[in-house]
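**Q** I'd like to ask you about the structure that follows.
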Amino acid sequence: MTDTTPFDTRFDDDSLMSEPDPTGRFGEFGGRFVPETLVPACQQLEAGFREAWSDPEFRDELDTILRDYAGRPSMLTECFRLSEELGVRIFMKREDLNHTGSHKINNVLGQALLAKRMGKQRLVAETGAGQHGVATATAAALMGLDCKVYMGAVDVERQALNVFRMRLLGAEVEAVHSGSKTLKDAVNEAMRDWVATVDGSHYCLGSVMGPHPYPWMVRQFHRVIGDEAREQCRAATGGDPDVVVACVGGGSNAIGIFTGFVDTDARLVGVEPAGGAAVRHGVPGVVHGMRSYLMQDEYGQVEEALSISAGLDYPGVGPEHSWLSSIGRAEYPNVTDDEVVEAFQLLSRTEGIIPALESAHAIAWLSREAHTIQGQTVVVNLSGRGDKDVAQMMDVLGDRGEA
Amino acid sequence: MSETFGRIETEFRAKRDAGHKLLVPYITGGYPGWQDAIRACAAQGADAVEIGIPFSDPVMDGPVIQQASQAALDRGATPQSVLDEVPRLDVEIPLLVMTYYNLVHHDGHRRFAHRLVEAGVSGCILPDLPLEESEPWTRAADHEGVETVMLAAPTAPDDRLPRVAARARGFLYSVGLLGVTGERDELAATATALAGRLKAITEVPVLVGVGVSNAEQAYEATRVADGVIQGASMMRRLIDQGPDAVGEYVAEVRASIDRH
Ligand SMILES: Cc1ncc(COP(=O)(O)O)c(C=O)c1O
């Protein structure tokens, strides 16, 4: 290949984390299970993305925005105090330092730029914790696009600050009152909107899920996390880590960092919340346009996920994770809300970094399992910062008499 | 090779060829009064009834049908509990099931198809199963003799429609507008436009659904199409007024489309 852009070397190979097959499948997972109305839109998006991603000008423009606007590359911070406490050498990939406070911005800037290139004037998005909504509203403001964000009514309550942010950024936020009133219902509502406005709107999906090409496209927009982390880790330690840990809702921050290490010997660990453990407790199902592990009842009705963190409140998982699990390349343990609360406090106290509750899942696993990996080197994807969660944690810790 | 059609397609082709316009109401299974609503539809001139098997995440449905599905689920409706009632409906017209693909996938294609046959259901509509992903299901459905109604969307390019039509059994569901089920003030221009495109390329009966909201719109749609499917306007009556109101409404729509 003659391209000099940083990612092209691995774009077309057929190893792990290459393109899905022509039907959008990673093994038996993925696909494109959408109403007929959306099939042409998905096909156009796939063609549009394919063309843009191989266009050096698009890649340059995106790289420039990521650098000058989002603040990439994000740092890799060695956590000396936490390392000492846990007996493990710990590095944090600091996605919390990105503009808008999470990894979500990588994907959104990519999709917004693509939407604009494809002549769309409006972005539709779903959000759980509000981070993806804030990122989408931000990108829309930056690029002069209209923006509507669907958010479960329960999440509108617990993430009031982010709702305010989105409105400040000029987005319309609609509370979704159907179903479990959380992320999965916000996805349904965003898809309904897209069905009705597909001519002028781009559905800016927030994770590595949904119909083909989303899981693949969103992963490509997030692989910058892993590509950077790999170089940074080698510079800092002279080699690759033993373990790479990230939290998993849909799985975008996890897939982003895994991409950088999938061809090393590193253990890849995606941590799910106990109340939304799609890989551990789900069976393959089809919803939101994809076939993947899905929590469902004995009849195939989709179950509600229940997690302290709105961003992980999702009963499914991206199809590539289902595949990585099925072939044994990545593992998907889960942690309880109590473990997450402790991890939230632990990182704040030891490192002066207040993590997003989502990211605290990765730290909770590390804290619990540290005794099994003593002396090893671990890279944790710190997917976002905890500002949005401090009010909620004030309540939680207040109830326990701890704050 | 002479084609052998299933019950729905045989009846619909015969009626269509005799100049009769087709009316297919949709009723959410498991919603209070749903059985009587279906009986009322049959008594007042429906040509078939589409029975919704409620699903937790109905992405093609707007608020009315969504609410009805949720209410049915809250009352404990399951795919089998709905199907168990079907033989007791005791109606003469063919019945279809409309549901979402996960319920089929979860059960297994052959098993689900077999359940439909056992319940006396002739056809099936899965709005989130597009042509490219449909084969595992349609193979099982064909094998069991279940007619799979395919959806054709206004966004489809010309080269896609013949492929969708070729796969359709029973009838072809012409999606009336960009959007989900629900009532609209006017029949969208896309409704007659797509129906016209489909009529030009297929012998399969073409019925317009999604956004056909009253008797007058049904008449307009059937000036081009062979028939209409009406869901939200049926369910709103069932929710607000009960099964008799559904029957009266079917009679009204029947009279309107019979003006042809
Ligand atoms: C900080 C943070 N991390 C992680 C997630 C989960 O998303 P994903 O699993 O796609 O990385 C979210 C979602 O809102 C988030 O805000």
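By convention here, the chains of the structure tokens are called A, B, ... in the order presented, each chain's residues are numbered starting at 1, and ligands are numbered starting at 1 in the order presented.
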Kindly assemble as JSON lines a list of the chain A residues that lie within 7 Å of chain B, each paired with its nearest atom pair and their distance in Å to one decimal, using only C-alpha atoms, sorted first by chain and then by ascending residue number.
**A**
{"residue": "A:Phe33", "atom": "CA", "partner": "B:Leu129", "partner_atom": "CA", "distance": 5.5}
{"residue": "A:Val34", "atom": "CA", "partner": "B:Asp128", "partner_atom": "CA", "distance": 4.8}
{"residue": "A:Pro35", "atom": "CA", "partner": "B:Asp128", "partner_atom": "CA", "distance": 4.4}
{"residue": "A:Glu36", "atom": "CA", "partner": "B:Pro130", "partner_atom": "CA", "distance": 5.3}
{"residue": "A:Thr37", "atom": "CA", "partner": "B:Ala153", "partner_atom": "CA", "distance": 4.9}
{"residue": "A:Pro40", "atom": "CA", "partner": "B:Ala156", "partner_atom": "CA", "distance": 6.4}
{"residue": "A:Asn188", "atom": "CA", "partner": "B:Val59", "partner_atom": "CA", "distance": 5.6}
{"residue": "A:Met191", "atom": "CA", "partner": "B:Val59", "partner_atom": "CA", "distance": 6.8}
{"residue": "A:Arg192", "atom": "CA", "partner": "B:Val59", "partner_atom": "CA", "distance": 6.0}
{"residue": "A:Val195", "atom": "CA", "partner": "B:Gly179", "partner_atom": "CA", "distance": 5.1}
{"residue": "A:Ala196", "atom": "CA", "partner": "B:Gly179", "partner_atom": "CA", "distance": 3.8}
{"residue": "A:Thr197", "atom": "CA", "partner": "B:Leu178", "partner_atom": "CA", "distance": 6.9}
{"residue": "A:Gly285", "atom": "CA", "partner": "B:Asn102", "partner_atom": "CA", "distance": 5.9}
{"residue": "A:Val286", "atom": "CA", "partner": "B:Asn102", "partner_atom": "CA", "distance": 5.0}
{"residue": "A:Val287", "atom": "CA", "partner": "B:Asn102", "partner_atom": "CA", "distance": 6.6}
{"residue": "A:Tyr299", "atom": "CA", "partner": "B:Leu103", "partner_atom": "CA", "distance": 6.7}
{"residue": "A:Gly300", "atom": "CA", "partner": "B:Leu103", "partner_atom": "CA", "distance": 5.1}
{"residue": "A:Gln301", "atom": "CA", "partner": "B:Ser56", "partner_atom": "CA", "distance": 5.5}
{"residue": "A:Val302", "atom": "CA", "partner": "B:Ser56", "partner_atom": "CA", "distance": 6.0}
**Q** Let me see the file: selected residues, N, CA, C and O atoms, as a PDB file, in the first residue's frame.
**A**
ATOM      1  N   PHE A  33     -30.075  -6.133  10.150  1.00  0.00           N
ATOM      2  CA  PHE A  33     -31.479  -6.469  10.388  1.00  0.00           C
ATOM      3  C   PHE A  33     -32.285  -5.198  10.624  1.00  0.00           C
ATOM      4  O   PHE A  33     -32.594  -4.846  11.761  1.00  0.00           O
ATOM      5  N   VAL A  34     -32.572  -4.507   9.539  1.00  0.00           N
ATOM      6  CA  VAL A  34     -33.309  -3.241   9.645  1.00  0.00           C
ATOM      7  C   VAL A  34     -34.516  -3.288   8.721  1.00  0.00           C
ATOM      8  O   VAL A  34     -34.542  -4.052   7.759  1.00  0.00           O
ATOM      9  N   PRO A  35     -35.531  -2.440   8.993  1.00  0.00           N
ATOM     10  CA  PRO A  35     -36.652  -2.336   8.069  1.00  0.00           C
ATOM     11  C   PRO A  35     -36.153  -1.989   6.653  1.00  0.00           C
ATOM     12  O   PRO A  35     -35.156  -1.277   6.503  1.00  0.00           O
ATOM     13  N   GLU A  36     -36.893  -2.481   5.672  1.00  0.00           N
ATOM     14  CA  GLU A  36     -36.550  -2.224   4.264  1.00  0.00           C
ATOM     15  C   GLU A  36     -36.229  -0.757   3.991  1.00  0.00           C
ATOM     16  O   GLU A  36     -35.324  -0.447   3.220  1.00  0.00           O
ATOM     17  N   THR A  37     -36.989   0.126   4.637  1.00  0.00           N
ATOM     18  CA  THR A  37     -36.786   1.563   4.425  1.00  0.00           C
ATOM     19  C   THR A  37     -35.337   1.976   4.646  1.00  0.00           C
ATOM     20  O   THR A  37     -34.827   2.893   3.993  1.00  0.00           O
ATOM     21  N   PRO A  40     -31.406   0.873   1.930  1.00  0.00           N
ATOM     22  CA  PRO A  40     -30.603   1.722   1.035  1.00  0.00           C
ATOM     23  C   PRO A  40     -29.726   2.700   1.805  1.00  0.00           C
ATOM     24  O   PRO A  40     -28.582   2.969   1.397  1.00  0.00           O
ATOM     25  N   ASN A 188     -34.203   2.562  20.043  1.00  0.00           N
ATOM     26  CA  ASN A 188     -35.424   2.318  19.261  1.00  0.00           C
ATOM     27  C   ASN A 188     -35.992   3.622  18.714  1.00  0.00           C
ATOM     28  O   ASN A 188     -36.386   3.707  17.558  1.00  0.00           O
ATOM     29  N   MET A 191     -33.954   5.073  15.967  1.00  0.00           N
ATOM     30  CA  MET A 191     -34.156   4.331  14.710  1.00  0.00           C
ATOM     31  C   MET A 191     -35.482   4.707  14.071  1.00  0.00           C
ATOM     32  O   MET A 191     -35.578   4.829  12.850  1.00  0.00           O
ATOM     33  N   ARG A 192     -36.530   4.912  14.889  1.00  0.00           N
ATOM     34  CA  ARG A 192     -37.830   5.337  14.347  1.00  0.00           C
ATOM     35  C   ARG A 192     -37.700   6.692  13.663  1.00  0.00           C
ATOM     36  O   ARG A 192     -38.265   6.926  12.594  1.00  0.00           O
ATOM     37  N   VAL A 195     -35.964   6.173  10.380  1.00  0.00           N
ATOM     38  CA  VAL A 195     -36.863   5.592   9.378  1.00  0.00           C
ATOM     39  C   VAL A 195     -37.672   6.705   8.702  1.00  0.00           C
ATOM     40  O   VAL A 195     -37.925   6.674   7.505  1.00  0.00           O
ATOM     41  N   ALA A 196     -38.038   7.717   9.481  1.00  0.00           N
ATOM     42  CA  ALA A 196     -38.913   8.766   8.962  1.00  0.00           C
ATOM     43  C   ALA A 196     -38.162   9.895   8.254  1.00  0.00           C
ATOM     44  O   ALA A 196     -38.750  10.638   7.483  1.00  0.00           O
ATOM     45  N   THR A 197     -36.860  10.035   8.527  1.00  0.00           N
ATOM     46  CA  THR A 197     -36.144  11.204   8.022  1.00  0.00           C
ATOM     47  C   THR A 197     -34.880  10.829   7.258  1.00  0.00           C
ATOM     48  O   THR A 197     -33.959  11.633   7.122  1.00  0.00           O
ATOM     49  N   GLY A 285     -29.113 -13.021  19.813  1.00  0.00           N
ATOM     50  CA  GLY A 285     -30.427 -12.512  19.454  1.00  0.00           C
ATOM     51  C   GLY A 285     -30.267 -11.422  18.411  1.00  0.00           C
ATOM     52  O   GLY A 285     -29.139 -11.066  18.036  1.00  0.00           O
ATOM     53  N   VAL A 286     -31.399 -10.896  17.941  1.00  0.00           N
ATOM     54  CA  VAL A 286     -31.366  -9.873  16.904  1.00  0.00           C
ATOM     55  C   VAL A 286     -32.189  -8.675  17.344  1.00  0.00           C
ATOM     56  O   VAL A 286     -33.411  -8.772  17.478  1.00  0.00           O
ATOM     57  N   VAL A 287     -31.526  -7.586  17.601  1.00  0.00           N
ATOM     58  CA  VAL A 287     -32.245  -6.350  17.886  1.00  0.00           C
ATOM     59  C   VAL A 287     -31.328  -5.195  17.504  1.00  0.00           C
ATOM     60  O   VAL A 287     -30.106  -5.381  17.393  1.00  0.00           O
ATOM     61  N   TYR A 299     -38.831 -16.051  26.060  1.00  0.00           N
ATOM     62  CA  TYR A 299     -39.589 -15.918  24.812  1.00  0.00           C
ATOM     63  C   TYR A 299     -38.856 -15.068  23.774  1.00  0.00           C
ATOM     64  O   TYR A 299     -39.331 -14.901  22.655  1.00  0.00           O
ATOM     65  N   GLY A 300     -37.726 -14.470  24.176  1.00  0.00           N
ATOM     66  CA  GLY A 300     -37.023 -13.605  23.235  1.00  0.00           C
ATOM     67  C   GLY A 300     -37.362 -12.130  23.394  1.00  0.00           C
ATOM     68  O   GLY A 300     -36.985 -11.315  22.560  1.00  0.00           O
ATOM     69  N   GLN A 301     -38.091 -11.785  24.469  1.00  0.00           N
ATOM     70  CA  GLN A 301     -38.296 -10.357  24.747  1.00  0.00           C
ATOM     71  C   GLN A 301     -37.005  -9.821  25.354  1.00  0.00           C
ATOM     72  O   GLN A 301     -36.401 -10.464  26.209  1.00  0.00           O
ATOM     73  N   VAL A 302     -36.610  -8.642  24.895  1.00  0.00           N
ATOM     74  CA  VAL A 302     -35.340  -8.079  25.351  1.00  0.00           C
ATOM     75  C   VAL A 302     -35.474  -7.614  26.800  1.00  0.00           C
ATOM     76  O   VAL A 302     -36.458  -6.959  27.167  1.00  0.00           O
TER      77      VAL A 302
END
**Q** Please extract the residues at most 8 Å from ligand 1, counting only C-alpha atoms and all ligand atoms, and provide them as number ranges by chain, using the chain letters and residue numbers of this document.
**A** A: 96, 101-104, 127-132, 206-208, 247-255, 310-312, 317, 355-359, 382-386
**Q** For the residues in the current selection, export C-alpha atoms as a short mmCIF file (atom, residue, chain, number, x, y, z; two decimals), in the first residue's frame.
**A**
data_model
loop_
_atom_site.label_atom_id
_atom_site.label_comp_id
_atom_site.auth_asym_id
_atom_site.auth_seq_id
_atom_site.Cartn_x
_atom_site.Cartn_y
_atom_site.Cartn_z
CA ASP A 96 -11.19 11.42 29.86
CA GLY A 101 -14.77 14.32 28.46
CA SER A 102 -14.90 10.88 26.89
CA HIS A 103 -13.81 8.67 24.03
CA LYS A 104 -17.17 9.27 22.36
CA THR A 127 -27.55 8.55 24.45
CA GLY A 128 -27.39 6.76 27.79
CA ALA A 129 -25.07 8.62 30.13
CA GLY A 130 -25.31 11.63 27.89
CA GLN A 131 -21.66 11.51 26.80
CA HIS A 132 -22.48 10.41 23.28
CA GLY A 206 -22.87 5.90 19.61
CA SER A 207 -21.23 2.53 19.87
CA VAL A 208 -19.91 -0.44 17.90
CA CYS A 247 -15.54 -1.25 30.22
CA VAL A 248 -18.19 -2.53 27.83
CA GLY A 249 -21.64 -1.13 27.22
CA GLY A 250 -22.00 -1.43 23.47
CA GLY A 251 -18.26 -1.78 23.47
CA SER A 252 -16.82 1.13 21.49
CA ASN A 253 -14.10 2.27 23.87
CA ALA A 254 -13.13 -1.36 24.45
CA ILE A 255 -12.93 -2.23 20.77
CA ALA A 310 -26.36 4.87 32.48
CA GLY A 311 -23.75 4.46 29.75
CA LEU A 312 -23.54 0.71 30.30
CA VAL A 317 -23.13 -5.80 23.02
CA PRO A 355 -13.40 8.45 36.55
CA ALA A 356 -16.72 8.11 34.78
CA LEU A 357 -18.79 5.40 36.45
CA GLU A 358 -18.49 3.47 33.19
CA SER A 359 -14.71 3.56 33.30
CA LEU A 382 -10.12 5.42 31.10
CA SER A 383 -13.01 6.08 28.75
CA GLY A 384 -14.33 9.20 30.43
CA ARG A 385 -14.22 11.59 33.32
CA GLY A 386 -16.58 11.52 36.27
#
**Q** Identify which of the residues B:Phe5, B:Trp34, B:Phe12, B:Tyr219 lies closest to Ile239 in chain B, counting only C-alpha atoms when measuring atom-to-atom distances.
**A**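 Looking at the shortest contact to Ile239 in chain B, the residue is B:Trp34.
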**Q** Can you list, as number ranges by chain, all residues belonging to range 115-176 of chain A that DSSP tags as strand (DSSP E)?
**A** A: 122-127, 146-152, 172-176
**Q** Which neighbours of range 212-222 of chain A fall inside 9 Å, counting only C-alpha atoms, when residues of the same chain fewer than 3 positions from it are skipped, and could you give them as a PyMOL selection string?
**A** chain A and resi 7+11+17-20+23-25+30-33+42-43+45-46+49-50+53+103-104+106-111+205-209+225-226+252-253+255-257+259+289-290+318-320
**Q** Please identify all polymer residues within 6 Å of Leu207 in chain B, counting only C-alpha atoms, omitting same-chain residues fewer than 5 positions from it, and present them as a list in words.
**A**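 With the cut-off at 6 Å, the set is Tyr173, Ser174, Ala225, Asp226, Gly227 and Val228 of chain B.
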**Q** Give me, as a ChimeraX atom specification, the residues of range 79-183 of chain A that a backbone DSSP run labels alpha helix (DSSP H).
**A** /A:80-86,104-117,131-143,153-158,160-168,183
**Q** Excluding His361 in chain A and its own-chain neighbours fewer than 3 positions away, which residues fall within 10 Å of it when counting only C-alpha atoms? Please give them as an MDAnalysis selection string.
**A** chainID A and resid 245:248 270:274 309 312 334:337 339:344 355:358 364:367 382
**Q** What lies within 8 Å of range 115-125 of chain A using only C-alpha atoms, ignoring chain neighbours under 3 positions off, as a list in words?
**A**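 The contact residues come out as Gly48, Gln111, Ala112, His132, Gly133, Thr136, Ala140, Met143, Leu145, Asp146, Cys147, Lys148, Val149, Tyr150, Val187, Ala190, Asp193, Trp194, Asp199, Gly200, Ser201, His202, Tyr203, Cys204, Leu205 and Gly206 of chain A.
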**Q** Excluding range 136-142 of chain B and its own-chain neighbours fewer than 4 positions away, which residues fall within 8 Å of it when counting only C-alpha atoms? Please give them as a ChimeraX atom specification.
**A** /B:109-110,113,146-148
**Q** Which distance in Å separates CA of Ala48 in chain B and CA of Arg184 in chain B, to one decimal?
**A**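 Computed distance, CA of Ala48 in chain B to CA of Arg184 in chain B, equals 23.1 Å.
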